[in-house]
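Colleague: Submitted below is the structure of interest, expressed as structure tokens.
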Amino acid sequence: MLAKSPALRKELLRIAEMVPASSRVLDVGCGAGELIEHLTRAKGADARGIELSQAGVNACVAKGLSVIQGDADTDLAEYPAQSFDFAILSQTIQATHRPRDVLDQLLRIGRRVIVSFPNFGFWKVRLKLALTGRMPRTGALDYAWHETPNIHLCTIADFVALTQETGARVERALAVEESGEVRELSAPGYWDNLTAEGAIFLLTRRAS
Amino acid sequence: MSTLFQPLSALSAAAGEDVGHRFTFPAAQPLKLDSGETLSPLTIAWKTYGTLNAEKSNAFLLCHALTGDQYAAGTHPVTGKPGWWSSMVGPGLPIDTNRFFVICANVVGGCMGSSGPHEVNPATGAPYGLSFPVITIRDMVRAQAMLLDHLGIATLFCAAGGSMGGMQVLQWAASYPERVFAALPLATAARHSAQNIAFHEVGRQAIMADPEWNGGDYIAKGTNPKKGLAVARMAAHITYLSEAALHRKFGRNLQNREALSYRFDADFQVESYLRHQGLAFVDRFDANAYLYITRAMDYFDLAADYDGVLANAFKSAKTRFCIASFTSDWLFPTAESKKVVHALNAAGANVSFVEFATDKGHDAFLLDVPEMFQTLSGFIDAAAAARGLPAKGA
């Protein structure tokens, strides 16, 4: 069973479509294990997870999933290089303390990396901040500023810049609409940065 | 009951009690020890629950902790109390005896029928006492492997245990990776910490300071270092609990009195409780066995056998691991479990790790923690499915 929110469920299915059958997958910030459960059942993947919350880990292990309680900011260094076909960071990068280090670690651990995140450049976000002068709350970012776990929000343009700084190669990029539908991101992406509520990036490590 | 702790052999006559099995290996099959010595003949006492299937694929080994024994489930034949893991092991419970063939053996060095300092040395006709060789966690595991060979069981579906039992589970996965399908080490560590060695030394010194210990020769001299062993147990018992749990259970409540006595009676409930724990323990445990088993735990340092790199201990492990710790366990804190998890990750092993929130301290793995039952059930059932074993109730 995938995530409860229909839009998020669609996004997880889009991510799952990028993963070939029988892949070795590490889902960082796996929550209650919806994606790895789906990948295990539907794709025969060898899928593992890391999750910060005890409730999420307990739910995963009770379902028979291989998940460890851990922190993306500190625990990724323990994994050997290239030990997974895919390292996935779904709706988590904006909640890490050092997103750039986390991305570096993912590119080290996984042969391919999938990152999805909410786009702070989405027109509704921009409009709410511009018109109300208050921190914007939208469907994808429904937290008061003082309660949000999202401490490092970024726009699609910001993320593209980060991939260029870190040695990641963008293999594929999808813009996610409010409905959860996706379309290929079109370069240079100014339009998508305004109209997409989120994005999904498939990355590999650039040969140095 | 006599003042001296009763060995298992004296109990086997007890009417109607299923005390389990006992086997002495022939002299040609000695137990080779880490110390370089050999133990021969080796005797192992064990108890089983459930039925071994035709494929011999459902064997579930339980490894007991320092003061545990082979009576994990049902009623203990000596104390009349429930077995140490009776909340986890039984029909329909997480370790389901309707589906799994559960084996629990008394550790070598123990005092419930396996070779140990309390048993008679056949070569001399006298109790071993301190002439019994010092044993290690790996020696205990080697003896268990010999028992499995004796029972004709090539691979375990699962090995599980907490504390010292968890050390044995880790050693099993390192020494015999191809013989362990799933491993469940709880509230444990890959090495005994300096603080834990220190607590054990206090216990040992309490025993050896008791004049009735008689240099370890108390059986022959007709004495019993009960006071020393009770103090050792009292000190150790504190380490199994937590400050919060002690406060919740006892606070500063007085025991059967309205006011302080201004004497050294057990004014406080917590004192009375500890004295009771000490006294109850000496009726079922041997002082020398306490020395030997605490020593085995102190010597445990799994990484030391693998060039100091713990990940190397699990290099070839195909075993599925589930590691669990408890927030209030300060004897085997979560950080120790995480070291094991990191090593398993580095080795590319299949591992789950959970930390349960509880104020029950180190002993939580033995107690009623519903979240633990639910999570461990999930792990065991998923492993059973992967092993082709029937689902619960099937």
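Each chain of the structure tokens is named A, B, ... in the order shown, its residues numbered from 1; ligands are numbered from 1 in display order.
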Got a sec to pull out which chain A residues are within 12 Å of chain B, counting only C-alpha atoms, and send them as a PyMOL selection string?
Modeller: chain A and resi 24-26+46-71+74-84+109
Colleague: Report as a count of residues only: the residues of range 21-146 of chain A with a DSSP assignment of strand (DSSP E or B), based on the backbone of this structure.
Modeller: 32
Colleague: Pick from A:Ala130, A:Asn193, A:Ala87, A:Pro6: nearest to Ile36 in chain A, with only C-alpha atoms counted?
Modeller: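 Closest residue, counting only C-alpha atoms: A:Ala87.
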Colleague: Name the residues in contact with Gly116 in chain B at a cut-off of 12 Å, using only C-alpha atoms, excluding same-chain residues fewer than 2 positions from it; report them as a PDB file with C-alpha atoms, in the first residue's frame.
Modeller:
ATOM      1  CA  PRO B   7      22.113 -29.271  40.487  1.00  0.00           C
ATOM      2  CA  LEU B   8      19.762 -30.328  37.707  1.00  0.00           C
ATOM      3  CA  LEU B  39      36.946 -29.604  28.130  1.00  0.00           C
ATOM      4  CA  SER B  40      36.188 -33.307  28.116  1.00  0.00           C
ATOM      5  CA  PRO B  41      33.753 -34.788  28.513  1.00  0.00           C
ATOM      6  CA  LEU B  42      31.355 -32.028  27.494  1.00  0.00           C
ATOM      7  CA  THR B  43      27.840 -32.254  28.889  1.00  0.00           C
ATOM      8  CA  ILE B  44      24.989 -30.107  27.599  1.00  0.00           C
ATOM      9  CA  ALA B  45      21.540 -29.781  29.136  1.00  0.00           C
ATOM     10  CA  ASN B 106      22.239 -24.127  29.316  1.00  0.00           C
ATOM     11  CA  VAL B 107      25.561 -22.407  28.537  1.00  0.00           C
ATOM     12  CA  VAL B 108      28.832 -24.150  29.236  1.00  0.00           C
ATOM     13  CA  GLY B 109      30.007 -22.826  32.594  1.00  0.00           C
ATOM     14  CA  GLY B 110      26.419 -22.566  33.797  1.00  0.00           C
ATOM     15  CA  CYS B 111      24.731 -24.419  36.642  1.00  0.00           C
ATOM     16  CA  MET B 112      21.621 -26.025  35.161  1.00  0.00           C
ATOM     17  CA  GLY B 113      23.080 -29.275  33.959  1.00  0.00           C
ATOM     18  CA  SER B 114      25.647 -28.307  31.336  1.00  0.00           C
ATOM     19  CA  HIS B 118      29.236 -26.880  39.944  1.00  0.00           C
ATOM     20  CA  GLU B 119      29.258 -30.234  38.158  1.00  0.00           C
ATOM     21  CA  VAL B 120      31.345 -33.227  39.168  1.00  0.00           C
ATOM     22  CA  ASN B 121      34.548 -33.695  37.189  1.00  0.00           C
ATOM     23  CA  PRO B 127      33.114 -30.887  41.793  1.00  0.00           C
ATOM     24  CA  TYR B 128      35.206 -28.892  39.334  1.00  0.00           C
ATOM     25  CA  GLY B 129      35.164 -25.669  41.331  1.00  0.00           C
ATOM     26  CA  LEU B 130      37.946 -23.364  40.157  1.00  0.00           C
ATOM     27  CA  SER B 131      39.642 -26.221  38.289  1.00  0.00           C
ATOM     28  CA  PHE B 132      36.992 -25.682  35.610  1.00  0.00           C
ATOM     29  CA  PRO B 133      38.617 -23.908  32.652  1.00  0.00           C
ATOM     30  CA  VAL B 134      37.708 -20.279  31.927  1.00  0.00           C
ATOM     31  CA  ILE B 135      35.246 -20.187  29.052  1.00  0.00           C
ATOM     32  CA  MET B 140      29.517 -21.366  24.561  1.00  0.00           C
ATOM     33  CA  PHE B 285      22.347 -20.099  41.130  1.00  0.00           C
ATOM     34  CA  ASP B 286      25.877 -21.254  41.828  1.00  0.00           C
ATOM     35  CA  ALA B 287      28.453 -18.688  42.992  1.00  0.00           C
ATOM     36  CA  ASN B 288      31.320 -20.110  40.945  1.00  0.00           C
ATOM     37  CA  ALA B 289      29.143 -20.271  37.833  1.00  0.00           C
ATOM     38  CA  TYR B 290      28.491 -16.547  38.369  1.00  0.00           C
ATOM     39  CA  LEU B 291      32.266 -15.953  38.348  1.00  0.00           C
ATOM     40  CA  TYR B 292      32.779 -17.950  35.157  1.00  0.00           C
ATOM     41  CA  ILE B 293      29.883 -16.521  33.166  1.00  0.00           C
TER      42      ILE B 293
END
Colleague: From a DSSP pass on the backbone, collect the residues of range 91-189 of chain A flagged as alpha helix (DSSP H) and hand them back as a compact mmCIF listing (two decimals) with C-alpha atoms, in the first residue's frame.
Modeller:
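This went into states-v5.txt:
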# COMPACT_ATOMS: atom_id res chain seq x y z
CA PRO A 99 21.68 18.69 2.02
CA ARG A 100 24.86 19.00 -0.01
CA ASP A 101 26.74 16.43 2.13
CA VAL A 102 23.73 14.11 2.02
CA LEU A 103 23.64 14.36 -1.78
CA ASP A 104 27.38 13.65 -1.95
CA GLN A 105 26.91 10.56 0.22
CA LEU A 106 24.01 9.32 -1.91
CA LEU A 107 26.08 9.71 -5.08
CA ARG A 108 28.82 7.69 -3.38
CA ILE A 109 26.53 4.90 -2.13
CA TRP A 123 3.87 30.22 -8.29
CA LYS A 124 1.43 29.70 -5.41
CA VAL A 125 4.30 29.81 -2.92
CA ARG A 126 5.69 32.96 -4.49
CA LEU A 127 2.27 34.58 -4.64
CA LYS A 128 1.38 33.82 -1.03
CA LEU A 129 4.63 35.26 0.25
CA ALA A 130 4.29 38.29 -2.03
CA LEU A 131 0.65 39.03 -1.21
CA THR A 132 0.39 38.12 2.47
CA ILE A 156 14.04 23.61 -8.86
CA ALA A 157 16.58 26.18 -10.10
CA ASP A 158 18.43 25.97 -6.76
CA PHE A 159 18.57 22.20 -7.00
CA VAL A 160 19.86 22.27 -10.57
CA ALA A 161 22.61 24.62 -9.37
CA LEU A 162 23.47 22.19 -6.54
CA THR A 163 23.81 19.28 -8.97
CA GLN A 164 26.30 21.37 -10.96
CA GLU A 165 28.28 22.15 -7.82
CA THR A 166 28.38 18.58 -6.52
Colleague: Report, in Å to a single decimal, how far apart CA of Phe100 in chain B and CA of Cys158 in chain B are.
Modeller: 9.4 Å
Colleague: So how far away is CA of Asp85 in chain A from CA of Ser23 in chain A, in Å?
Modeller: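 Straight-line distance from CA of Ser23 in chain A to CA of Asp85 in chain A works out to 5.9 Å.
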Colleague: Could you state the separation of CA of Ala183 in chain B and CA of Ala105 in chain B in Å, given to one decimal place?
Modeller: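 CA of Ala105 in chain B lies at a distance of 16.8 Å from CA of Ala183 in chain B.
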Colleague: Within 7 Å of Ala173 in chain A, counting only C-alpha atoms, which residues show up once you throw out same-chain ones fewer than 3 positions away? Write them as a PyMOL selection string, please.
Modeller: chain A and resi 170+184-185+200-202
Colleague: Mind checking which residues fall within 12 Å of Thr294 in chain B, counting only C-alpha atoms, ignoring those fewer than 5 positions away in the same chain, and posting them as an MDAnalysis selection string?
Modeller: chainID B and resid 65:67 109:110 134:137 163:164 192 196:205 232:233 236 287:289 299:300
Colleague: Any idea what's packed within 7 Å of Thr188 in chain B, counting only C-alpha atoms, ignoring anything in its chain fewer than 4 positions away? Could you give it as a ChimeraX atom specification?
Modeller: /B:162-164,166-167,332,337
Colleague: Take the residues from that selection and write them out as a PDB file, in the first residue's frame, keeping N, CA and C atoms.
Modeller:
ATOM      1  N   GLY B 162      18.926 -11.943  24.299  1.00  0.00           N
ATOM      2  CA  GLY B 162      19.210 -10.597  24.772  1.00  0.00           C
ATOM      3  C   GLY B 162      20.411 -10.587  25.686  1.00  0.00           C
ATOM      4  N   SER B 163      21.086  -9.435  25.766  1.00  0.00           N
ATOM      5  CA  SER B 163      22.213  -9.260  26.671  1.00  0.00           C
ATOM      6  C   SER B 163      23.312 -10.277  26.333  1.00  0.00           C
ATOM      7  N   MET B 164      23.725 -11.122  27.284  1.00  0.00           N
ATOM      8  CA  MET B 164      24.736 -12.127  26.940  1.00  0.00           C
ATOM      9  C   MET B 164      24.209 -13.073  25.859  1.00  0.00           C
ATOM     10  N   GLY B 166      22.415 -12.115  23.376  1.00  0.00           N
ATOM     11  CA  GLY B 166      22.655 -11.372  22.133  1.00  0.00           C
ATOM     12  C   GLY B 166      24.105 -11.475  21.692  1.00  0.00           C
ATOM     13  N   MET B 167      25.030 -11.492  22.665  1.00  0.00           N
ATOM     14  CA  MET B 167      26.449 -11.694  22.322  1.00  0.00           C
ATOM     15  C   MET B 167      26.625 -13.036  21.612  1.00  0.00           C
ATOM     16  N   PHE B 332      23.609  -1.725  28.289  1.00  0.00           N
ATOM     17  CA  PHE B 332      23.901  -1.981  26.869  1.00  0.00           C
ATOM     18  C   PHE B 332      23.178  -0.907  26.061  1.00  0.00           C
ATOM     19  N   SER B 337      24.449  -0.923  20.179  1.00  0.00           N
ATOM     20  CA  SER B 337      23.717  -1.611  19.107  1.00  0.00           C
ATOM     21  C   SER B 337      23.989  -0.947  17.762  1.00  0.00           C
TER      22      SER B 337
END
